[in-house]
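File shown: structure.txt (compact mmCIF, C-alpha atoms).
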```txt
# COMPACT_ATOMS: atom_id res chain seq x y z
CA MET A 10 0.00 0.00 0.00
CA ARG A 11 1.03 3.61 -0.33
CA LEU A 12 0.02 6.85 1.33
CA LEU A 13 -1.59 9.55 -0.80
CA PRO A 14 -3.36 12.86 -0.16
CA THR A 15 -7.10 12.23 -0.32
CA ARG A 16 -7.48 15.03 -2.86
CA SER A 17 -5.06 13.20 -5.18
CA CYS A 18 -6.87 9.85 -4.98
CA GLU A 19 -9.03 8.81 -7.90
CA PRO A 20 -12.30 6.86 -8.14
CA GLY A 21 -11.55 3.18 -8.63
CA MET A 22 -8.66 3.09 -6.17
CA ARG A 23 -9.07 0.73 -3.22
CA LEU A 24 -8.39 1.34 0.46
CA GLY A 25 -5.21 -0.33 1.69
CA LYS A 26 -6.12 0.13 5.34
CA CYS A 27 -9.40 0.31 7.29
CA ILE A 28 -10.87 3.63 8.40
CA TYR A 29 -11.97 3.73 12.05
CA ASN A 30 -14.12 6.07 14.11
CA GLU A 31 -13.15 7.42 17.55
CA GLU A 32 -14.44 4.24 19.23
CA GLY A 33 -12.21 1.98 17.18
CA VAL A 34 -15.13 0.71 15.09
CA ILE A 35 -14.41 0.08 11.39
CA LEU A 36 -16.29 2.51 9.15
CA LEU A 37 -14.72 1.52 5.83
CA ASN A 38 -13.01 -1.82 5.32
CA GLU A 39 -9.69 -2.46 3.65
CA GLY A 40 -10.27 -3.16 -0.03
CA VAL A 41 -13.31 -0.90 -0.42
CA GLU A 42 -13.41 0.73 -3.86
CA LEU A 43 -13.41 4.51 -3.62
CA THR A 44 -15.94 6.60 -5.52
CA GLY A 45 -15.92 10.32 -6.20
CA GLY A 46 -18.68 10.85 -3.65
CA LEU A 47 -16.88 8.82 -1.00
CA LEU A 48 -13.62 10.69 -1.53
CA GLY A 49 -15.41 14.02 -1.21
CA ARG A 50 -17.06 12.92 2.02
CA LEU A 51 -13.75 11.72 3.49
CA GLU A 52 -12.16 15.08 2.71
CA ARG A 53 -15.02 16.93 4.38
CA LEU A 54 -14.65 14.72 7.45
CA GLY A 55 -10.99 15.68 7.79
CA ILE A 56 -9.27 12.62 6.32
CA ASP A 57 -6.38 14.32 4.52
CA TYR A 58 -4.44 11.17 3.57
CA LEU A 59 -5.41 7.61 2.70
CA TYR A 60 -3.56 4.32 2.49
CA ILE A 61 -4.25 3.01 -1.00
CA ALA A 62 -3.82 -0.60 -2.19
CA ASP A 63 -1.07 -0.79 -4.80
CA LYS A 64 0.38 -3.77 -6.67
CA ALA A 65 3.93 -2.41 -6.54
CA THR A 66 3.82 -2.24 -2.73
CA GLU A 67 1.32 -4.98 -1.87
CA ASP A 68 3.86 -6.59 0.48
CA LEU A 69 3.96 -3.49 2.68
CA LYS A 70 2.33 -3.96 6.07
CA ILE A 71 1.72 -1.14 8.57
CA GLU A 72 2.13 -2.25 12.19
CA GLU A 73 0.41 -0.27 14.93
CA PRO A 74 2.33 0.46 18.17
CA LEU A 75 -0.59 -0.74 20.32
CA ALA A 76 -2.68 -3.88 20.16
CA ASP A 77 -6.29 -3.29 19.04
CA GLU A 78 -7.53 -4.23 22.52
CA THR A 79 -5.27 -1.64 24.17
CA ARG A 80 -6.09 1.11 21.69
CA ILE A 81 -9.85 0.59 21.97
CA ARG A 82 -9.69 0.36 25.79
CA ALA A 83 -7.63 3.56 25.99
CA LEU A 84 -9.92 5.54 23.68
CA THR A 85 -13.00 4.22 25.50
CA GLU A 86 -11.65 5.36 28.89
CA ILE A 87 -10.62 8.76 27.50
CA ARG A 88 -13.98 9.29 25.80
CA THR A 89 -16.03 8.12 28.79
CA HIS A 90 -14.23 10.20 31.42
CA PHE A 91 -13.66 13.28 29.29
CA ARG A 92 -17.34 13.41 28.33
CA SER A 93 -18.40 13.13 31.95
CA PHE A 94 -16.00 15.96 32.83
CA MET A 95 -17.52 18.14 30.10
CA GLU A 96 -21.02 17.49 31.42
CA ASN A 97 -20.04 18.51 34.97
CA GLU A 98 -20.08 22.30 35.13
CA SER A 99 -17.72 22.55 38.12
CA ARG A 100 -14.13 23.50 37.34
CA SER A 101 -12.79 22.10 40.60
CA LYS A 102 -14.36 18.64 40.91
CA PHE A 103 -15.31 16.09 38.34
CA SER A 104 -14.28 12.71 39.74
CA LYS A 105 -16.65 12.21 42.66
CA ASN A 106 -15.79 8.54 42.98
CA HIS A 107 -12.04 9.13 42.55
CA VAL A 108 -11.71 6.47 39.87
CA LEU A 109 -9.54 8.53 37.53
CA GLY A 110 -6.17 7.32 38.79
CA ARG A 111 -7.26 3.69 38.90
CA SER A 112 -8.95 3.67 35.49
CA PHE A 113 -6.15 5.38 33.60
CA GLY A 114 -3.50 3.57 35.65
CA ASN A 115 -4.81 0.27 34.28
CA VAL A 116 -4.74 1.69 30.75
CA MET A 117 -1.15 2.85 31.22
CA LYS A 118 -0.08 -0.63 32.29
CA MET A 119 -1.44 -2.02 29.02
CA ILE A 120 0.23 0.74 26.99
CA ILE A 121 3.61 0.21 28.67
CA ASP A 122 3.40 -3.56 28.14
CA ASP A 123 2.58 -3.11 24.44
CA LEU A 124 5.32 -0.56 23.86
CA ASN A 125 7.87 -2.73 25.66
CA GLU A 126 7.39 -5.28 22.88
CA LYS A 127 8.13 -2.61 20.24
CA GLN A 128 11.33 -1.22 21.76
CA GLY A 129 13.96 -0.57 19.11
CA THR A 130 11.28 0.17 16.52
CA ALA A 131 10.80 3.71 15.23
CA ILE A 132 7.45 5.13 16.31
CA MET A 133 5.03 5.65 13.46
CA LEU A 134 1.73 7.24 14.38
CA LEU A 135 -0.49 8.72 11.71
CA ASN A 136 -4.03 10.00 12.14
CA MET A 137 -4.64 9.43 8.47
CA ASN A 138 -7.30 6.72 8.58
CA VAL A 139 -9.15 7.71 11.76
CA LEU A 140 -12.30 9.77 12.10
CA ASN A 141 -12.07 11.03 15.65
CA ASN A 142 -12.65 13.66 18.25
CA TYR A 143 -9.28 15.44 18.12
CA LEU A 144 -8.92 15.68 21.90
CA TYR A 145 -9.31 11.93 22.43
CA GLN A 146 -6.93 10.65 19.77
CA HIS A 147 -4.43 13.45 20.44
CA SER A 148 -4.29 12.53 24.13
CA LEU A 149 -3.51 8.91 23.28
CA ASN A 150 -0.95 9.80 20.60
CA VAL A 151 0.97 12.14 22.89
CA CYS A 152 0.99 9.40 25.53
CA ILE A 153 2.42 6.85 23.08
CA TYR A 154 5.14 9.18 21.81
CA THR A 155 6.12 10.34 25.28
CA THR A 156 6.08 6.91 26.94
CA MET A 157 8.24 5.39 24.20
CA LEU A 158 10.72 8.25 24.55
CA GLY A 159 10.77 7.68 28.30
CA MET A 160 11.69 4.05 27.64
CA VAL A 161 14.50 5.12 25.32
CA SER A 162 15.72 7.46 28.07
CA GLY A 163 15.90 4.56 30.54
CA TYR A 164 13.02 5.50 32.85
CA ASN A 165 11.87 2.76 35.23
CA ARG A 166 8.26 1.55 35.30
CA ASP A 167 7.11 3.95 38.05
CA GLU A 168 8.62 6.87 36.17
CA LEU A 169 6.95 5.71 32.95
CA MET A 170 3.61 5.53 34.75
CA ALA A 171 3.91 9.11 36.01
CA LEU A 172 5.14 10.40 32.66
CA GLY A 173 2.56 8.42 30.67
CA LEU A 174 -0.35 9.48 32.85
CA GLY A 175 0.78 13.09 32.60
CA ALA A 176 0.88 12.78 28.80
CA LEU A 177 -2.44 10.95 28.57
CA LEU A 178 -4.17 13.62 30.68
CA HIS A 179 -2.12 16.70 29.71
CA ASP A 180 -5.15 18.34 28.07
CA ILE A 181 -7.75 17.29 30.63
CA GLY A 182 -8.32 20.95 31.47
CA LYS A 183 -9.79 21.51 28.01
CA THR A 184 -12.87 19.62 29.13
CA LYS A 185 -13.73 22.73 31.14
CA ILE A 186 -13.20 25.20 28.30
CA ASN A 187 -16.13 26.36 26.15
CA LEU A 188 -16.50 23.74 23.41
CA ASP A 189 -17.28 26.40 20.81
CA ILE A 190 -13.82 27.87 21.38
CA ILE A 191 -12.07 24.49 21.32
CA LYS A 192 -13.73 23.57 18.01
CA LYS A 193 -13.58 27.02 16.40
CA PRO A 194 -12.60 26.57 12.73
CA GLY A 195 -10.70 29.86 12.44
CA PRO A 196 -8.07 31.79 14.42
CA LEU A 197 -8.91 32.58 18.04
CA THR A 198 -9.41 36.11 19.27
CA ALA A 199 -7.11 37.38 22.03
CA GLU A 200 -9.89 36.83 24.58
CA GLU A 201 -10.57 33.28 23.33
CA PHE A 202 -6.87 32.41 23.48
CA GLU A 203 -6.69 33.65 27.07
CA GLU A 204 -9.60 31.35 27.87
CA VAL A 205 -7.89 28.35 26.23
CA LYS A 206 -4.67 29.03 28.15
CA LYS A 207 -6.54 28.38 31.39
CA HIS A 208 -6.66 24.65 30.59
CA THR A 209 -3.17 24.13 32.05
CA GLU A 210 -4.07 25.47 35.48
CA ILE A 211 -7.48 23.79 35.42
CA GLY A 212 -5.85 20.47 34.51
CA PHE A 213 -3.41 20.77 37.41
CA ARG A 214 -6.24 21.43 39.87
CA LEU A 215 -8.26 18.51 38.56
CA LEU A 216 -5.39 16.03 38.89
CA LYS A 217 -3.34 17.12 41.91
CA ASP A 218 -5.60 15.65 44.61
CA GLU A 219 -6.79 12.62 42.66
CA PRO A 220 -5.93 9.34 44.49
CA ASN A 221 -3.53 7.02 42.64
CA MET A 222 -2.44 9.93 40.46
CA PRO A 223 1.25 10.94 40.80
CA LEU A 224 1.67 14.64 41.57
CA LEU A 225 4.19 14.83 38.73
CA SER A 226 1.42 13.87 36.31
CA ALA A 227 -0.54 16.91 37.46
CA HIS A 228 2.54 19.08 36.89
CA CYS A 229 2.69 17.76 33.31
CA ALA A 230 -0.77 19.21 32.72
CA PHE A 231 0.40 22.45 34.35
CA GLN A 232 3.68 22.90 32.46
CA HIS A 233 3.31 21.34 29.02
CA HIS A 234 2.91 24.77 27.35
CA GLU A 235 5.94 26.32 29.06
CA ARG A 236 8.81 27.06 26.68
CA GLU A 237 12.60 27.23 27.02
CA ASN A 238 12.80 31.01 26.53
CA GLY A 239 9.93 31.84 28.89
CA SER A 240 7.43 32.61 26.12
CA GLY A 241 5.05 29.84 27.23
CA TYR A 242 2.27 29.74 29.81
CA PRO A 243 0.85 29.75 32.45
CA ARG A 244 3.88 31.04 34.42
CA GLY A 245 6.40 31.89 31.70
CA ILE A 246 9.15 29.88 33.38
CA THR A 247 12.36 28.96 31.55
CA GLY A 248 14.94 26.19 31.05
CA ASN A 249 15.64 24.10 34.13
CA ASP A 250 12.56 25.41 35.93
CA ILE A 251 10.42 23.34 33.56
CA HIS A 252 10.15 19.69 34.61
CA GLU A 253 11.76 17.17 32.26
CA TYR A 254 8.47 15.30 31.80
CA ALA A 255 6.71 18.47 30.66
CA LYS A 256 9.50 19.12 28.13
CA TRP A 257 8.95 15.69 26.57
CA ILE A 258 5.21 16.31 26.38
CA ALA A 259 5.76 19.77 24.85
CA VAL A 260 7.61 18.22 21.91
CA ALA A 261 5.14 15.35 21.37
CA ASP A 262 2.11 17.63 21.86
CA SER A 263 3.33 20.13 19.25
CA TYR A 264 4.32 17.44 16.77
CA ASP A 265 1.03 15.55 16.98
CA ALA A 266 -0.97 18.76 16.71
CA MET A 267 0.88 19.68 13.53
CA THR A 268 0.43 16.23 11.95
CA THR A 269 -3.31 16.08 12.69
CA HIS A 270 -6.11 17.65 10.66
CA ARG A 271 -7.61 20.65 12.44
CA PRO A 272 -10.67 22.73 11.50
CA HIS A 273 -8.44 25.69 10.57
CA ARG A 274 -5.68 23.88 8.65
CA LEU A 275 -4.65 20.64 6.94
CA ALA A 276 -2.32 18.15 8.59
CA MET A 277 1.41 18.45 7.94
CA LEU A 278 3.40 15.41 6.91
CA PRO A 279 5.78 14.18 9.64
CA HIS A 280 8.99 15.51 8.08
CA GLN A 281 7.43 18.96 7.71
CA ALA A 282 6.41 19.02 11.38
CA MET A 283 9.91 17.91 12.38
CA GLU A 284 11.39 20.89 10.54
CA VAL A 285 9.15 23.20 12.56
CA LEU A 286 10.28 21.57 15.81
CA PHE A 287 13.95 22.02 14.93
CA ALA A 288 13.29 25.66 14.06
CA GLY A 289 12.17 26.08 17.68
CA VAL A 290 15.14 24.31 19.29
CA GLY A 291 16.70 26.36 22.07
CA THR A 292 13.93 28.94 22.12
CA LEU A 293 10.80 26.80 22.44
CA TYR A 294 11.99 23.22 22.86
CA ASP A 295 14.86 21.39 24.52
CA GLN A 296 17.48 20.52 21.88
CA ARG A 297 18.31 17.05 23.21
CA LYS A 298 14.67 16.06 23.40
CA VAL A 299 13.88 17.19 19.86
CA ALA A 300 16.95 15.31 18.58
CA MET A 301 15.90 12.16 20.45
CA PHE A 302 12.37 12.53 19.13
CA ARG A 303 13.73 12.75 15.57
CA ASP A 304 15.89 9.68 16.10
CA ASN A 305 12.99 7.55 17.32
CA VAL A 306 10.08 8.70 15.14
CA ALA A 307 9.54 7.58 11.56
CA ILE A 308 9.37 11.02 9.97
CA TYR A 309 9.06 9.39 6.55
CA PRO A 310 6.31 6.86 7.30
CA LEU A 311 5.84 3.59 5.47
CA GLY A 312 3.93 4.03 2.24
CA LEU A 313 4.85 7.68 1.78
CA THR A 314 5.59 8.62 -1.83
CA VAL A 315 8.84 10.56 -2.21
CA THR A 316 11.12 12.12 -4.81
CA LEU A 317 14.85 11.52 -4.36
CA SER A 318 17.66 13.95 -5.08
CA THR A 319 18.48 11.78 -8.11
CA GLY A 320 15.07 12.55 -9.62
CA GLU A 321 13.84 8.99 -9.00
CA GLN A 322 10.43 8.56 -7.38
CA GLY A 323 9.26 5.81 -5.09
CA VAL A 324 7.65 4.70 -1.86
CA VAL A 325 9.12 4.30 1.63
CA VAL A 326 9.02 0.56 2.35
CA ASN A 327 11.21 0.12 5.41
CA ILE A 328 12.42 2.18 8.36
CA ASN A 329 15.99 1.92 9.61
CA PRO A 330 15.64 1.91 13.43
CA ALA A 331 19.12 3.41 13.94
CA VAL A 332 18.45 6.26 11.49
CA PRO A 333 14.69 6.53 10.84
CA GLN A 334 15.23 9.69 8.81
CA ARG A 335 17.14 7.56 6.26
CA PRO A 336 14.55 4.93 5.19
CA VAL A 337 14.56 2.32 2.43
CA VAL A 338 12.81 3.58 -0.72
CA ARG A 339 11.40 1.33 -3.45
CA VAL A 340 11.94 3.20 -6.71
CA LEU A 341 8.94 2.93 -9.07
CA ILE A 342 9.72 5.74 -11.53
CA ASP A 343 13.17 6.55 -12.89
CA ALA A 344 14.81 9.97 -13.16
CA TYR A 345 13.26 10.46 -16.61
CA GLY A 346 9.69 9.93 -15.38
CA GLN A 347 9.38 6.41 -16.81
CA GLY A 348 7.58 3.72 -14.81
CA LEU A 349 9.73 0.70 -13.99
CA GLY A 350 8.61 -2.82 -14.81
CA GLN A 351 11.00 -4.08 -12.14
CA PRO A 352 11.26 -1.67 -9.21
CA TYR A 353 14.42 -1.64 -7.11
CA GLU A 354 15.19 -0.46 -3.60
CA ILE A 355 17.65 2.14 -2.31
CA ASP A 356 18.70 2.07 1.35
CA LEU A 357 19.38 5.70 2.20
CA ALA A 358 21.30 4.62 5.30
CA GLU A 359 23.90 3.18 2.90
CA LYS A 360 23.58 5.61 -0.03
CA LEU A 361 24.58 8.70 1.91
CA THR A 362 24.85 10.88 -1.20
CA VAL A 363 21.16 10.37 -1.97
CA PHE A 364 18.48 12.13 0.05
CA ILE A 365 14.74 12.75 -0.05
CA ASN A 366 14.00 15.96 -1.93
CA HIS A 367 10.34 16.08 -1.04
CA ALA A 368 7.27 13.95 -0.48
CA ASP A 369 4.67 14.08 -3.20
CA ASN A 370 2.51 11.99 -5.50
CA LEU A 371 3.95 9.58 -8.01
CA THR A 372 3.55 10.85 -11.54
CA GLN A 373 2.55 7.31 -12.51
CA ALA A 374 1.05 4.74 -10.21
CA SER A 375 -0.26 1.23 -10.38
CA GLN A 376 -3.59 0.30 -8.84
CA ALA A 377 -4.60 -2.92 -7.20
```
Structure translated into structure tokens:
Amino acid sequence: MRLLPTRSCEPGMRLGKCIYNEEGVILLNEGVELTGGLLGRLERLGIDYLYIADKATEDLKIEEPLADETRIRALTEIRTHFRSFMENESRSKFSKNHVLGRSFGNVMKMIIDDLNEKQGTAIMLLNMNVLNNYLYQHSLNVCIYTTMLGMVSGYNRDELMALGLGALLHDIGKTKINLDIIKKPGPLTAEEFEEVKKHTEIGFRLLKDEPNMPLLSAHCAFQHHERENGSGYPRGITGNDIHEYAKWIAVADSYDAMTTHRPHRLAMLPHQAMEVLFAGVGTLYDQRKVAMFRDNVAIYPLGLTVTLSTGEQGVVVNINPAVPQRPVVRVLIDAYGQGLGQPYEIDLAEKLTVFINHADNLTQASQA
């Protein structure tokens, strides 16, 4: 399969991967033939990219970082609790039975166990084939990124629990912000932005006294929008005054937000979002953490169509764990724009003089 912008897909193409809703239920099965009407509807629903079945890459399989059971359980817990928080008008109490720490603690155990089995594998999370409430999927994605990075950093299980819970619930305060502001399709006014900024302090208050919830997890909610140069909020603190956990979440939170469709803009591809992160190194983000994020995230995901510096075009078919930014590319079109009857592969980790010029559509493509 290969990954294409929805707007570039054509009727007659077939889905290479299922499309799910926020509850993990399949809406469109793998192999479904796309029509013009269906493609238009998917675009309107915010699906910017699709995995398309393709004969030249039919051997390509996309592995998810979490088991289906874990992913569905996590999204169910997030949806259930977050919705109940939204329905409770109080900003200070929402967990009368104090089940938050226990419920999400059990989810974190499942996430840590699943990710332990994937250690040494570059993280590849794409919101391409999911119709979801942004807040729910974003919370889970940030948790996955951050927990895996904690593992790479050598954190023990208790530390991973505190970090992971902080990441999973970093935006819990948004459940107390006016939903019209959260879902506004255009830029926020100054007054609306000030209202949104309150979610960090609200989140801290909601979590700090919750039984079975590490206090550090509450501080993650409090500090995840602080920035290295003091330009963040709510306190405008700098450098070493920001907790290490919050710095990890800041990177993952920004990256996932950029690579997810939002009402006011299309999703960026991973390598584009990574460039933005590096532009903020030293001023917004911790340099070591951004570098470690780059080295453990597949910024050129499997199935992505790319153009090489040689002029050849192809599809990313394998990720090199040691250097995920130098993947294996299966060349389908030569430098002269001619389709190849027998594609060949270039390992960019070995061919150091060749690099990816940009990600785009193939000028010719085979269909399943």
A:Gly175, A:Glu86, A:Asp77, A:Gly291 ranked by distance to Ser240 (chain A), top pick (using all atoms listed in the file):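 Of A:Gly175, A:Glu86, A:Asp77, A:Gly291, the one nearest Ser240 (chain A), counting all atoms listed in the file, is A:Gly291.
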Point-to-point distance in Å for CA of Gly245 (chain A) and CA of Lys298 (chain A):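 The value is 19.7 Å.
Look at region 356-359 of chain A: the protein and nucleic acid residues within 10 Å of it, using only C-alpha atoms and passing over chain neighbours fewer than 6 places away, are Leu317, Val325, Val326, Asn327, Ile328, Asn329, Ala331, Val332, Pro333, Gln334, Arg335, Pro336, Val337, Val338, Arg339 and Ile365 of chain A.
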Selection near Ser226 (chain A), 7 Å with all atoms listed in the file, sequence-local residues under 4 positions removed, as an MDAnalysis selection string: chainID A and resid 171:172 174:175 222 230
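Interatomic distance, CA of Leu275 (chain A) against CA of Tyr58 (chain A): 10.1 Å.
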Nearest-residue call for Glu253 (chain A), choices A:Ile56, A:Cys229, A:Leu361, A:Leu69, using all atoms listed in the file: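 The closest residue to Glu253 (chain A) is A:Cys229.
Nearest to Asn30 (chain A) of all the residues A:Ser17, A:Thr269, A:Thr85, A:Thr247 is A:Thr85, counting all atoms listed in the file.
Each of A:Cys18, A:Pro352, A:Ile121, A:Ser263 was checked against Tyr164 (chain A) using all atoms listed in the file; the smallest atom-to-atom distance is that of A:Ile121.
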